[in-house]
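Everything below belongs to data_9.cif, which stores mmCIF, C-alpha atoms.
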```
data_structure
#
loop_
_atom_site.label_atom_id
_atom_site.label_comp_id
_atom_site.auth_asym_id
_atom_site.auth_seq_id
_atom_site.Cartn_x
_atom_site.Cartn_y
_atom_site.Cartn_z
CA MET X 47 -10.60 -39.74 -43.79
CA ARG X 48 -11.90 -41.69 -40.82
CA SER X 49 -8.49 -41.45 -39.24
CA THR X 50 -8.48 -37.69 -39.72
CA ARG X 51 -11.95 -37.26 -38.24
CA LEU X 52 -11.02 -39.42 -35.26
CA SER X 53 -7.82 -37.43 -34.78
CA TYR X 54 -9.76 -34.19 -34.71
CA GLN X 55 -12.27 -35.59 -32.26
CA ILE X 56 -9.58 -36.84 -29.91
CA LEU X 57 -7.69 -33.53 -30.24
CA ALA X 58 -10.84 -31.49 -29.60
CA VAL X 59 -11.68 -33.38 -26.42
CA PHE X 60 -8.08 -33.13 -25.23
CA VAL X 61 -7.81 -29.39 -25.94
CA VAL X 62 -11.17 -28.58 -24.31
CA VAL X 63 -10.21 -30.43 -21.13
CA VAL X 64 -6.77 -28.82 -20.99
CA VAL X 65 -8.05 -25.31 -21.74
CA LEU X 66 -10.73 -25.60 -19.08
CA ALA X 67 -8.26 -26.93 -16.52
CA LEU X 68 -5.62 -24.28 -17.26
CA GLY X 69 -8.18 -21.49 -17.51
CA VAL X 70 -9.85 -22.26 -14.19
CA SER X 71 -6.54 -22.77 -12.40
CA GLY X 72 -5.10 -19.60 -13.97
CA TRP X 73 -8.11 -17.56 -12.89
CA ALA X 74 -7.91 -18.98 -9.36
CA ILE X 75 -4.16 -18.34 -9.13
CA THR X 76 -4.51 -14.77 -10.48
CA THR X 77 -7.31 -13.95 -8.04
CA MET X 78 -5.33 -15.38 -5.15
CA ALA X 79 -2.17 -13.57 -6.26
CA GLN X 80 -4.08 -10.29 -6.52
CA ARG X 81 -5.19 -10.67 -2.91
CA ILE X 82 -1.68 -11.64 -1.86
CA VAL X 83 -0.21 -8.55 -3.57
CA ALA X 84 -2.71 -6.26 -1.81
CA ASP X 85 -2.15 -7.97 1.55
CA ASN X 86 1.63 -7.80 1.26
CA VAL X 87 1.52 -4.11 0.32
CA GLN X 88 -0.77 -3.29 3.21
CA ARG X 89 1.23 -5.38 5.66
CA GLY X 90 4.45 -3.64 4.68
CA GLN X 91 2.83 -0.23 4.90
CA GLN X 92 1.34 -0.98 8.30
CA GLU X 93 4.81 -1.74 9.60
CA LEU X 94 6.17 1.44 8.01
CA VAL X 95 3.33 3.55 9.43
CA ARG X 96 3.98 2.13 12.88
CA ARG X 97 7.69 2.95 12.60
CA ILE X 98 6.96 6.52 11.44
CA ALA X 99 4.52 6.96 14.33
CA GLU X 100 7.20 5.81 16.78
CA GLU X 101 9.74 8.28 15.37
CA ILE X 102 7.22 11.11 15.61
CA ASP X 103 6.42 10.13 19.18
CA LEU X 104 10.10 10.35 20.10
CA GLU X 105 10.46 13.66 18.30
CA MET X 106 7.44 15.35 19.86
CA GLU X 107 8.00 13.89 23.32
CA GLY X 108 11.40 15.58 23.35
CA ILE X 109 9.95 19.03 22.74
CA ARG X 110 8.02 19.32 26.01
CA PRO X 111 11.09 18.75 28.26
CA ILE X 112 13.05 21.31 26.24
CA LEU X 113 10.40 23.99 26.73
CA SER X 114 9.90 23.05 30.37
CA GLN X 115 13.62 23.45 30.95
CA LEU X 116 13.54 26.82 29.18
CA ALA X 117 10.67 27.96 31.43
CA GLU X 118 12.63 26.90 34.53
CA THR X 119 15.72 28.73 33.30
CA ILE X 120 13.77 31.94 32.72
CA GLY X 121 12.22 31.55 36.15
CA ALA X 122 15.70 31.22 37.61
CA VAL X 123 16.67 34.64 36.25
CA SER X 124 13.49 36.04 37.85
CA MET X 125 11.89 37.09 34.54
CA ASP X 126 14.64 39.63 33.91
CA PRO X 127 13.95 40.97 30.37
CA ALA X 128 17.59 40.91 29.27
CA GLY X 129 18.27 37.50 30.82
CA SER X 130 14.99 36.08 29.47
CA GLY X 131 15.76 37.36 25.97
CA ALA X 132 19.23 35.82 26.09
CA GLU X 133 17.85 32.44 27.15
CA LEU X 134 15.21 32.53 24.40
CA ALA X 135 17.87 33.22 21.78
CA ARG X 136 20.16 30.51 23.15
CA TYR X 137 17.48 27.84 23.11
CA GLN X 138 16.20 28.84 19.68
CA ALA X 139 19.70 28.56 18.24
CA ARG X 140 20.23 25.20 19.89
CA PHE X 141 16.81 23.75 19.02
CA PRO X 142 15.62 24.80 15.53
CA VAL X 143 12.24 23.21 16.29
CA ILE X 144 11.45 26.49 18.14
CA SER X 145 10.45 28.96 15.40
CA GLU X 146 9.58 31.83 17.71
CA ALA X 147 9.18 32.34 21.44
CA TYR X 148 8.34 35.07 23.88
CA VAL X 149 7.99 35.59 27.62
CA VAL X 150 4.93 37.22 29.14
CA ALA X 151 4.72 38.74 32.60
CA ALA X 152 1.83 37.83 34.90
CA SER X 153 0.12 41.06 33.81
CA GLY X 154 -0.01 39.84 30.21
CA GLN X 155 2.68 42.18 28.89
CA GLN X 156 5.46 40.66 26.80
CA ILE X 157 8.92 41.33 28.21
CA ALA X 158 11.11 39.50 25.66
CA ARG X 159 10.71 37.83 22.28
CA THR X 160 12.93 36.29 19.62
CA ASP X 161 11.59 37.92 16.44
CA GLY X 162 12.49 41.52 17.33
CA LEU X 163 8.93 42.78 16.93
CA PRO X 164 7.53 45.37 19.37
CA LEU X 165 6.43 44.02 22.73
CA GLU X 166 2.67 43.96 23.27
CA SER X 167 0.02 42.80 25.69
CA VAL X 168 -1.51 39.32 25.22
CA ALA X 169 -3.57 39.38 28.40
CA THR X 170 -6.81 38.62 26.57
CA THR X 171 -5.58 35.58 24.66
CA TYR X 172 -6.98 32.23 25.69
CA GLY X 173 -3.64 30.44 25.80
CA PHE X 174 -2.12 33.01 28.14
CA GLN X 175 -5.12 32.88 30.47
CA VAL X 176 -4.94 29.08 30.73
CA ALA X 177 -1.19 29.09 31.41
CA ARG X 178 -1.61 31.97 33.90
CA GLU X 179 -3.79 29.60 35.94
CA GLY X 180 -0.91 27.10 36.06
CA HIS X 181 -1.90 24.77 33.22
CA ASP X 182 -0.02 23.78 30.08
CA LEU X 183 -1.79 24.28 26.76
CA VAL X 184 -0.96 23.04 23.26
CA SER X 185 -2.84 24.65 20.39
CA ASP X 186 -4.22 22.95 17.30
CA VAL X 187 -1.92 22.76 14.30
CA TYR X 188 -2.33 25.87 12.14
CA LEU X 189 -0.80 27.20 8.95
CA ARG X 190 1.40 30.25 9.22
CA GLN X 191 0.74 32.86 6.56
CA ASP X 192 4.38 33.94 6.38
CA GLY X 193 5.57 30.78 4.64
CA LEU X 194 6.91 29.06 7.73
CA GLY X 195 4.49 26.19 7.22
CA PRO X 196 2.31 24.35 9.73
CA MET X 197 3.10 24.65 13.41
CA LEU X 198 1.54 24.71 16.87
CA THR X 199 1.92 26.97 19.89
CA VAL X 200 2.79 25.77 23.39
CA TYR X 201 1.88 27.80 26.49
CA LEU X 202 3.76 26.95 29.72
CA PRO X 203 3.50 28.65 33.11
CA ILE X 204 6.72 30.02 34.58
CA GLU X 205 6.55 29.30 38.30
CA ASP X 206 8.45 30.35 41.38
CA GLY X 207 7.67 28.37 44.53
CA GLY X 208 4.30 27.29 43.13
CA ASP X 209 3.26 30.80 42.13
CA VAL X 210 2.91 31.67 38.44
CA MET X 211 5.16 34.61 37.69
CA GLY X 212 4.78 34.56 33.91
CA VAL X 213 4.12 32.50 30.80
CA LEU X 214 6.43 31.07 28.15
CA VAL X 215 4.93 30.94 24.66
CA ALA X 216 6.71 29.03 21.90
CA ASP X 217 5.79 28.36 18.27
CA VAL X 218 6.95 24.86 17.35
CA ASN X 219 7.59 23.82 13.74
CA PHE X 220 7.65 20.32 12.26
CA ALA X 221 10.79 20.51 10.14
CA ARG X 222 12.21 17.33 11.66
CA VAL X 223 8.95 15.45 11.17
CA GLN X 224 8.98 16.66 7.57
CA ALA X 225 12.55 15.40 7.21
CA VAL X 226 11.46 11.95 8.43
CA LEU X 227 8.80 11.71 5.71
CA GLU X 228 11.05 13.05 2.96
CA GLY X 229 13.67 10.45 3.87
CA LEU X 230 11.33 7.51 3.29
CA ALA X 231 12.11 5.17 0.39
CA LEU X 232 8.55 4.94 -0.91
CA THR X 233 7.61 2.96 -4.02
CA ARG X 234 4.49 2.68 -6.22
CA ASN X 235 4.19 6.48 -6.32
CA GLU X 236 3.08 6.44 -2.67
CA THR X 237 2.86 9.42 -0.35
CA ALA X 238 3.18 9.67 3.43
CA VAL X 239 1.23 12.30 5.36
CA VAL X 240 0.93 13.26 9.02
CA PHE X 241 -2.38 14.86 9.98
CA ALA X 242 -3.33 16.75 13.13
CA PRO X 243 -6.67 16.00 14.83
CA ASN X 244 -8.27 18.99 13.08
CA GLY X 245 -7.33 17.56 9.68
CA ARG X 246 -4.47 19.97 9.05
CA GLY X 247 -1.43 18.41 7.42
CA VAL X 248 1.65 18.48 9.64
CA ALA X 249 4.11 17.01 7.13
CA HIS X 250 4.02 15.46 3.66
CA SER X 251 6.57 13.34 1.83
CA ARG X 252 6.09 15.39 -1.37
CA MET X 253 5.50 18.82 0.12
CA ALA X 254 7.39 20.50 -2.73
CA GLU X 255 4.65 19.46 -5.18
CA LEU X 256 1.91 21.11 -3.13
CA ALA X 257 0.93 24.76 -3.08
CA GLU X 258 0.44 24.45 0.68
CA PRO X 259 0.29 21.65 3.27
CA PRO X 260 -2.77 19.43 2.79
CA ALA X 261 -5.86 19.74 4.91
CA LEU X 262 -8.71 17.26 5.26
CA THR X 263 -12.15 18.86 5.11
CA ASP X 264 -14.36 15.79 5.03
CA PRO X 265 -15.34 14.92 8.64
CA MET X 266 -15.62 11.24 7.73
CA LEU X 267 -12.06 11.20 6.39
CA ILE X 268 -10.76 12.97 9.49
CA GLU X 269 -12.56 10.47 11.71
CA ALA X 270 -11.24 7.47 9.76
CA LEU X 271 -7.65 8.54 9.00
CA VAL X 272 -6.78 10.59 12.09
CA ARG X 273 -9.05 9.86 15.00
CA GLY X 274 -9.82 6.21 14.37
CA PRO X 275 -7.74 3.15 15.23
CA ALA X 276 -5.07 1.79 12.91
CA GLY X 277 -6.49 0.30 9.74
CA VAL X 278 -6.98 0.57 5.98
CA LEU X 279 -9.28 2.95 4.10
CA GLU X 280 -9.91 2.27 0.42
CA GLY X 281 -11.16 4.38 -2.45
CA TYR X 282 -10.86 8.00 -1.32
CA THR X 283 -9.30 10.94 -3.17
CA ASP X 284 -6.04 12.29 -1.79
CA GLU X 285 -4.56 15.79 -1.87
CA LEU X 286 -2.99 15.09 -5.30
CA GLY X 287 -6.36 14.18 -6.80
CA ARG X 288 -5.67 10.44 -6.96
CA THR X 289 -7.91 7.57 -5.89
CA VAL X 290 -5.87 5.85 -3.20
CA VAL X 291 -5.79 3.19 -0.52
CA GLY X 292 -4.65 4.64 2.81
CA VAL X 293 -2.96 2.64 5.56
CA HIS X 294 -3.13 4.69 8.75
CA ALA X 295 -2.21 4.60 12.44
CA PRO X 296 -2.39 7.04 15.37
CA ALA X 297 0.76 8.75 16.58
CA GLY X 298 1.62 10.24 19.94
CA GLU X 299 -0.03 12.14 22.72
CA LEU X 300 -0.99 14.88 20.25
CA ASP X 301 -3.39 12.40 18.61
CA TRP X 302 -1.91 12.81 15.16
CA GLY X 303 -2.54 10.34 12.38
CA VAL X 304 0.11 8.88 10.04
CA VAL X 305 -1.12 7.77 6.60
CA ILE X 306 0.62 6.09 3.68
CA GLN X 307 -1.40 6.46 0.50
CA THR X 308 -1.02 4.15 -2.50
CA PRO X 309 -2.72 5.01 -5.81
CA VAL X 310 -5.23 2.38 -6.83
CA ARG X 311 -3.84 2.65 -10.35
CA GLU X 312 -0.41 1.46 -9.17
CA LEU X 313 -1.88 -1.60 -7.48
CA ALA X 314 -4.01 -2.29 -10.57
CA SER X 315 -0.89 -2.04 -12.73
CA GLU X 316 0.89 -4.69 -10.65
CA VAL X 317 -2.14 -6.95 -10.85
CA ALA X 318 -2.40 -6.36 -14.62
CA THR X 319 1.26 -7.34 -15.05
CA LEU X 320 0.63 -10.47 -13.03
CA ARG X 321 -2.46 -11.21 -15.12
CA ARG X 322 -0.50 -10.82 -18.38
CA ILE X 323 2.13 -13.21 -17.12
CA MET X 324 -0.55 -15.72 -16.15
CA ILE X 325 -2.27 -15.39 -19.54
CA GLY X 326 1.06 -16.01 -21.25
CA VAL X 327 1.60 -19.11 -19.13
CA VAL X 328 -1.91 -20.37 -19.92
CA LEU X 329 -1.52 -19.74 -23.66
CA GLY X 330 1.87 -21.46 -23.63
CA GLY X 331 0.33 -24.40 -21.79
CA VAL X 332 -2.50 -24.56 -24.33
CA ALA X 333 -0.03 -24.50 -27.22
CA LEU X 334 1.96 -27.34 -25.67
CA ALA X 335 -1.26 -29.20 -24.95
CA VAL X 336 -2.44 -28.83 -28.54
CA ALA X 337 0.89 -30.11 -29.87
CA ALA X 338 0.93 -33.03 -27.44
CA GLY X 339 -2.75 -33.75 -28.11
CA TRP X 340 -2.21 -33.75 -31.85
CA LEU X 341 0.68 -36.20 -31.59
CA MET X 342 -1.30 -38.44 -29.27
CA ALA X 343 -4.38 -38.28 -31.49
CA ARG X 344 -2.35 -39.21 -34.55
CA ARG X 345 -0.69 -42.06 -32.71
CA LEU X 346 -4.05 -43.45 -31.63
CA ALA X 347 -6.15 -42.64 -34.67
CA GLN X 348 -3.79 -43.75 -37.43
CA PRO X 349 -3.51 -47.44 -36.45
CA ILE X 350 -7.22 -47.56 -35.65
CA GLY X 351 -7.92 -46.16 -39.10
CA GLN X 352 -5.67 -48.78 -40.71
CA LEU X 353 -7.46 -51.53 -38.83
CA ALA X 354 -10.81 -50.13 -39.89
CA GLN X 355 -9.75 -50.04 -43.55
CA ALA X 356 -8.41 -53.60 -43.41
CA SER X 357 -11.62 -54.81 -41.79
CA GLY X 358 -13.62 -53.05 -44.46
CA ARG X 359 -11.67 -54.74 -47.26
CA ILE X 360 -12.08 -58.14 -45.62
CA ALA X 361 -15.80 -57.55 -45.26
CA ALA X 362 -15.87 -56.69 -48.97
CA GLY X 363 -14.30 -60.07 -49.87
CA ASP X 364 -10.59 -59.25 -49.90
CA LEU X 365 -9.57 -62.14 -47.70
CA GLU X 366 -5.89 -61.34 -47.99
CA ALA X 367 -6.29 -57.81 -46.65
CA ARG X 368 -4.24 -57.00 -43.55
CA SER X 369 -3.64 -53.81 -41.62
CA GLY X 370 0.12 -54.03 -41.92
CA LEU X 371 0.53 -53.18 -38.25
CA PRO X 372 2.88 -55.20 -36.05
CA TYR X 373 1.52 -57.32 -33.25
CA GLY X 374 2.02 -55.98 -29.79
CA SER X 375 0.77 -55.96 -26.25
CA GLY X 376 -2.19 -53.97 -25.07
CA GLU X 377 -5.60 -53.46 -26.55
CA LEU X 378 -4.34 -52.15 -29.92
CA GLY X 379 -1.98 -55.11 -30.33
CA GLN X 380 -4.85 -57.51 -29.59
CA LEU X 381 -6.95 -55.81 -32.25
CA VAL X 382 -4.13 -56.23 -34.80
CA PHE X 383 -3.79 -59.91 -33.88
CA ALA X 384 -7.54 -60.44 -34.11
CA ASN X 385 -7.59 -58.79 -37.51
CA ALA X 386 -4.88 -61.13 -38.76
CA GLN X 387 -6.72 -64.26 -37.50
CA VAL X 388 -10.05 -63.56 -39.13
CA GLU X 389 -11.58 -66.81 -40.23
CA VAL X 390 -13.49 -66.84 -43.51
CA PRO X 391 -16.93 -68.42 -43.30
CA PRO X 392 -17.31 -71.51 -45.56
CA GLU X 393 -20.16 -69.99 -47.56
CA VAL X 394 -17.85 -67.25 -48.88
CA ILE X 395 -15.02 -69.64 -49.90
CA PRO X 396 -15.14 -70.08 -53.69
CA ASP X 397 -15.53 -73.56 -55.11
#
```
Could you express the structure from this file as structure tokens?
Amino acid sequence: MRSTRLSYQILAVFVVVVVLALGVSGWAITTMAQRIVADNVQRGQQELVRRIAEEIDLEMEGIRPILSQLAETIGAVSMDPAGSGAELARYQARFPVISEAYVVAASGQQIARTDGLPLESVATTYGFQVAREGHDLVSDVYLRQDGLGPMLTVYLPIEDGGDVMGVLVADVNFARVQAVLEGLALTRNETAVVFAPNGRGVAHSRMAELAEPPALTDPMLIEALVRGPAGVLEGYTDELGRTVVGVHAPAGELDWGVVIQTPVRELASEVATLRRIMIGVVLGGVALAVAAGWLMARRLAQPIGQLAQASGRIAAGDLEARSGLPYGSGELGQLVFANAQVEVPPEVIPD
């Protein structure tokens, strides 16, 4: 009985120490791993956002030279309506990024356009007036109501010897930017979005799931995701209604913002999987510790119990009692030897 109680006591102390050690280390490792997972995700997304921004920069920087060349070509044919119309059609066929285009005389009257609609006067429009003064103008991104998606309008003066002889107006679409986002190999149910400075979505990696391109309406979100420096914004609701973490960076001279959004639930799922693995490891370690502790407790407690019983019998007068344990080195062996060499006091030796 004493041996059993001692075994349980030794086992209890051993298990408590092991459980505490494994529990604290498991909690520390899980917490650290959770931070590492989040950091690695954000670091990878920051690199991806930067790469997307660079591709968009290259794409949009190529549009301005194309339109400038078109304006020069139309100027070279002296704003001839037939020649201007032919050049518009040729450039539109060659560069699908041009959705529509038209040429306006200095008076404000259209002389050629690509969509076949009746020619009209645009003399009172702001963009024409700015370009008529010799300045380029790029509009905000807006959403076309005819299903052509988001686009912007570029106004360029058509000059001849420094004098403005007309204006080229072109509607530019973002089909190639959209193709870049749709070609991304995103994981964790992530989405990639490009926003214009006014919060209007330019492209979206899952545009097919949306009724229309997304638009930010919260000024704080626009300031953080589009107009602010590169960084991370946590805990906002995206256009799909999910709570997400957004890694964002600015893109190009148009001051667009590129954002990769990761649902918080996906990150929590990865952390939960990691936590389950760690709990399994801890429980396995506890099971092994209990088994090892029980064996160790039995190995220590059993001979001590035998010695205690032998000592008790000797104290009761059984002078021949022995523990039955072999002699050995170490403290336990010395106890066995001492038990075997017990001298009987003379007063207890029978006459």
Interatomic distance (Å, one decimal) between CA of Ile204 in chain X and CA of Ala221 in chain X: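 Straight-line distance from CA of Ile204 in chain X to CA of Ala221 in chain X works out to 26.5 Å.
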Can you pull out every residue within 6 Å of Leu214 in chain X, counting all atoms listed in the file, but drop anything in the same chain fewer than 3 positions away, and send it as a short mmCIF file (atom, residue, chain, number, x, y, z; two decimals) with C-alpha atoms, in the coordinates of the input?
```cif
data_model
loop_
_atom_site.label_atom_id
_atom_site.label_comp_id
_atom_site.auth_asym_id
_atom_site.auth_seq_id
_atom_site.Cartn_x
_atom_site.Cartn_y
_atom_site.Cartn_z
CA VAL X 149 7.99 35.59 27.62
CA TYR X 201 1.88 27.80 26.49
CA LEU X 202 3.76 26.95 29.72
#
```
Can you tell me which residues surround range 127-131 of chain X at a distance of at most 12 Å, considering only C-alpha atoms, apart from same-chain residues fewer than 5 positions away, and format the answer as a CSV table (one decimal) with C-alpha atoms, in the coordinates of the input?
```csv
chain,number,residue,atom,x,y,z
X,116,LEU,CA,13.5,26.8,29.2
X,117,ALA,CA,10.7,28.0,31.4
X,118,GLU,CA,12.6,26.9,34.5
X,119,THR,CA,15.7,28.7,33.3
X,120,ILE,CA,13.8,31.9,32.7
X,121,GLY,CA,12.2,31.6,36.2
X,122,ALA,CA,15.7,31.2,37.6
X,136,ARG,CA,20.2,30.5,23.2
X,137,TYR,CA,17.5,27.8,23.1
X,138,GLN,CA,16.2,28.8,19.7
X,146,GLU,CA,9.6,31.8,17.7
X,147,ALA,CA,9.2,32.3,21.4
X,148,TYR,CA,8.3,35.1,23.9
X,149,VAL,CA,8.0,35.6,27.6
X,150,VAL,CA,4.9,37.2,29.1
X,151,ALA,CA,4.7,38.7,32.6
X,155,GLN,CA,2.7,42.2,28.9
X,156,GLN,CA,5.5,40.7,26.8
X,157,ILE,CA,8.9,41.3,28.2
X,158,ALA,CA,11.1,39.5,25.7
X,159,ARG,CA,10.7,37.8,22.3
X,160,THR,CA,12.9,36.3,19.6
X,161,ASP,CA,11.6,37.9,16.4
X,162,GLY,CA,12.5,41.5,17.3
X,165,LEU,CA,6.4,44.0,22.7
X,204,ILE,CA,6.7,30.0,34.6
X,212,GLY,CA,4.8,34.6,33.9
X,213,VAL,CA,4.1,32.5,30.8
X,214,LEU,CA,6.4,31.1,28.2
```
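Applied to the shown file, the PyMOL selection byres ((chain X and resi 184) around 6) selects the residues Leu183, Ser185, Thr199 and Val200 of chain X.
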Result set of the PyMOL selection byres ((chain X and resi 301-304) around 8) on the coordinates above, as a list in words: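 Given this file, the PyMOL selection byres ((chain X and resi 301-304) around 8) evaluates to Val95, Ile98, Ala99, Ala238, Val239, Val240, Phe241, Ala242, Pro243, Leu271, Val272, Arg273, His294, Ala295, Pro296, Ala297, Gly298, Glu299, Leu300, Val305 and Ile306 of chain X.
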Would you pull range 114-140 of chain X out of the block just shown and save N, CA and C atoms as a PDB file, in the first residue's frame?
```pdb
ATOM      1  N   SER X 114      -1.084  59.728 -77.948  1.00  0.00           N
ATOM      2  CA  SER X 114      -0.330  60.885 -78.455  1.00  0.00           C
ATOM      3  C   SER X 114       0.043  60.678 -79.914  1.00  0.00           C
ATOM      4  N   GLN X 115       0.434  59.467 -80.244  1.00  0.00           N
ATOM      5  CA  GLN X 115       0.778  59.169 -81.637  1.00  0.00           C
ATOM      6  C   GLN X 115      -0.448  59.280 -82.540  1.00  0.00           C
ATOM      7  N   LEU X 116      -1.605  58.832 -82.020  1.00  0.00           N
ATOM      8  CA  LEU X 116      -2.838  58.948 -82.794  1.00  0.00           C
ATOM      9  C   LEU X 116      -3.177  60.414 -83.041  1.00  0.00           C
ATOM     10  N   ALA X 117      -3.009  61.260 -82.005  1.00  0.00           N
ATOM     11  CA  ALA X 117      -3.287  62.694 -82.169  1.00  0.00           C
ATOM     12  C   ALA X 117      -2.362  63.304 -83.220  1.00  0.00           C
ATOM     13  N   GLU X 118      -1.077  62.923 -83.209  1.00  0.00           N
ATOM     14  CA  GLU X 118      -0.141  63.444 -84.200  1.00  0.00           C
ATOM     15  C   GLU X 118      -0.518  62.991 -85.607  1.00  0.00           C
ATOM     16  N   THR X 119      -0.952  61.739 -85.715  1.00  0.00           N
ATOM     17  CA  THR X 119      -1.338  61.214 -87.030  1.00  0.00           C
ATOM     18  C   THR X 119      -2.542  61.958 -87.589  1.00  0.00           C
ATOM     19  N   ILE X 120      -3.524  62.218 -86.726  1.00  0.00           N
ATOM     20  CA  ILE X 120      -4.710  62.960 -87.172  1.00  0.00           C
ATOM     21  C   ILE X 120      -4.325  64.391 -87.541  1.00  0.00           C
ATOM     22  N   GLY X 121      -3.403  64.964 -86.783  1.00  0.00           N
ATOM     23  CA  GLY X 121      -2.921  66.298 -87.127  1.00  0.00           C
ATOM     24  C   GLY X 121      -2.224  66.297 -88.472  1.00  0.00           C
ATOM     25  N   ALA X 122      -1.555  65.208 -88.783  1.00  0.00           N
ATOM     26  CA  ALA X 122      -0.820  65.133 -90.052  1.00  0.00           C
ATOM     27  C   ALA X 122      -1.760  65.099 -91.251  1.00  0.00           C
ATOM     28  N   VAL X 123      -2.972  64.616 -91.061  1.00  0.00           N
ATOM     29  CA  VAL X 123      -3.942  64.598 -92.162  1.00  0.00           C
ATOM     30  C   VAL X 123      -4.829  65.834 -92.104  1.00  0.00           C
ATOM     31  N   SER X 124      -4.387  66.819 -91.289  1.00  0.00           N
ATOM     32  CA  SER X 124      -5.045  68.136 -91.218  1.00  0.00           C
ATOM     33  C   SER X 124      -6.523  68.044 -90.844  1.00  0.00           C
ATOM     34  N   MET X 125      -6.836  67.128 -89.897  1.00  0.00           N
ATOM     35  CA  MET X 125      -8.199  67.015 -89.370  1.00  0.00           C
ATOM     36  C   MET X 125      -9.223  66.682 -90.460  1.00  0.00           C
ATOM     37  N   ASP X 126      -8.780  66.070 -91.528  1.00  0.00           N
ATOM     38  CA  ASP X 126      -9.708  65.657 -92.572  1.00  0.00           C
ATOM     39  C   ASP X 126     -10.682  64.628 -91.991  1.00  0.00           C
ATOM     40  N   PRO X 127     -11.986  64.821 -92.099  1.00  0.00           N
ATOM     41  CA  PRO X 127     -12.941  63.898 -91.473  1.00  0.00           C
ATOM     42  C   PRO X 127     -12.768  62.446 -91.911  1.00  0.00           C
ATOM     43  N   ALA X 128     -12.600  62.229 -93.218  1.00  0.00           N
ATOM     44  CA  ALA X 128     -12.451  60.856 -93.694  1.00  0.00           C
ATOM     45  C   ALA X 128     -11.138  60.252 -93.210  1.00  0.00           C
ATOM     46  N   GLY X 129     -10.053  61.030 -93.340  1.00  0.00           N
ATOM     47  CA  GLY X 129      -8.756  60.528 -92.879  1.00  0.00           C
ATOM     48  C   GLY X 129      -8.730  60.335 -91.373  1.00  0.00           C
ATOM     49  N   SER X 130      -9.343  61.237 -90.617  1.00  0.00           N
ATOM     50  CA  SER X 130      -9.385  61.106 -89.154  1.00  0.00           C
ATOM     51  C   SER X 130     -10.176  59.870 -88.748  1.00  0.00           C
ATOM     52  N   GLY X 131     -11.319  59.645 -89.414  1.00  0.00           N
ATOM     53  CA  GLY X 131     -12.126  58.468 -89.107  1.00  0.00           C
ATOM     54  C   GLY X 131     -11.380  57.180 -89.389  1.00  0.00           C
ATOM     55  N   ALA X 132     -10.620  57.164 -90.491  1.00  0.00           N
ATOM     56  CA  ALA X 132      -9.855  55.966 -90.841  1.00  0.00           C
ATOM     57  C   ALA X 132      -8.770  55.682 -89.809  1.00  0.00           C
ATOM     58  N   GLU X 133      -8.100  56.746 -89.345  1.00  0.00           N
ATOM     59  CA  GLU X 133      -7.057  56.553 -88.340  1.00  0.00           C
ATOM     60  C   GLU X 133      -7.651  56.085 -87.004  1.00  0.00           C
ATOM     61  N   LEU X 134      -8.790  56.634 -86.630  1.00  0.00           N
ATOM     62  CA  LEU X 134      -9.455  56.188 -85.399  1.00  0.00           C
ATOM     63  C   LEU X 134      -9.768  54.696 -85.468  1.00  0.00           C
ATOM     64  N   ALA X 135     -10.332  54.264 -86.591  1.00  0.00           N
ATOM     65  CA  ALA X 135     -10.696  52.858 -86.748  1.00  0.00           C
ATOM     66  C   ALA X 135      -9.463  51.964 -86.742  1.00  0.00           C
ATOM     67  N   ARG X 136      -8.383  52.440 -87.380  1.00  0.00           N
ATOM     68  CA  ARG X 136      -7.164  51.630 -87.442  1.00  0.00           C
ATOM     69  C   ARG X 136      -6.554  51.443 -86.052  1.00  0.00           C
ATOM     70  N   TYR X 137      -6.494  52.519 -85.293  1.00  0.00           N
ATOM     71  CA  TYR X 137      -5.911  52.426 -83.955  1.00  0.00           C
ATOM     72  C   TYR X 137      -6.800  51.610 -83.012  1.00  0.00           C
ATOM     73  N   GLN X 138      -8.110  51.759 -83.139  1.00  0.00           N
ATOM     74  CA  GLN X 138      -9.002  50.997 -82.271  1.00  0.00           C
ATOM     75  C   GLN X 138      -8.877  49.504 -82.542  1.00  0.00           C
ATOM     76  N   ALA X 139      -8.735  49.141 -83.804  1.00  0.00           N
ATOM     77  CA  ALA X 139      -8.574  47.721 -84.138  1.00  0.00           C
ATOM     78  C   ALA X 139      -7.236  47.180 -83.650  1.00  0.00           C
ATOM     79  N   ARG X 140      -6.231  48.025 -83.677  1.00  0.00           N
ATOM     80  CA  ARG X 140      -4.894  47.584 -83.279  1.00  0.00           C
ATOM     81  C   ARG X 140      -4.735  47.567 -81.763  1.00  0.00           C
TER      82      ARG X 140
END
```
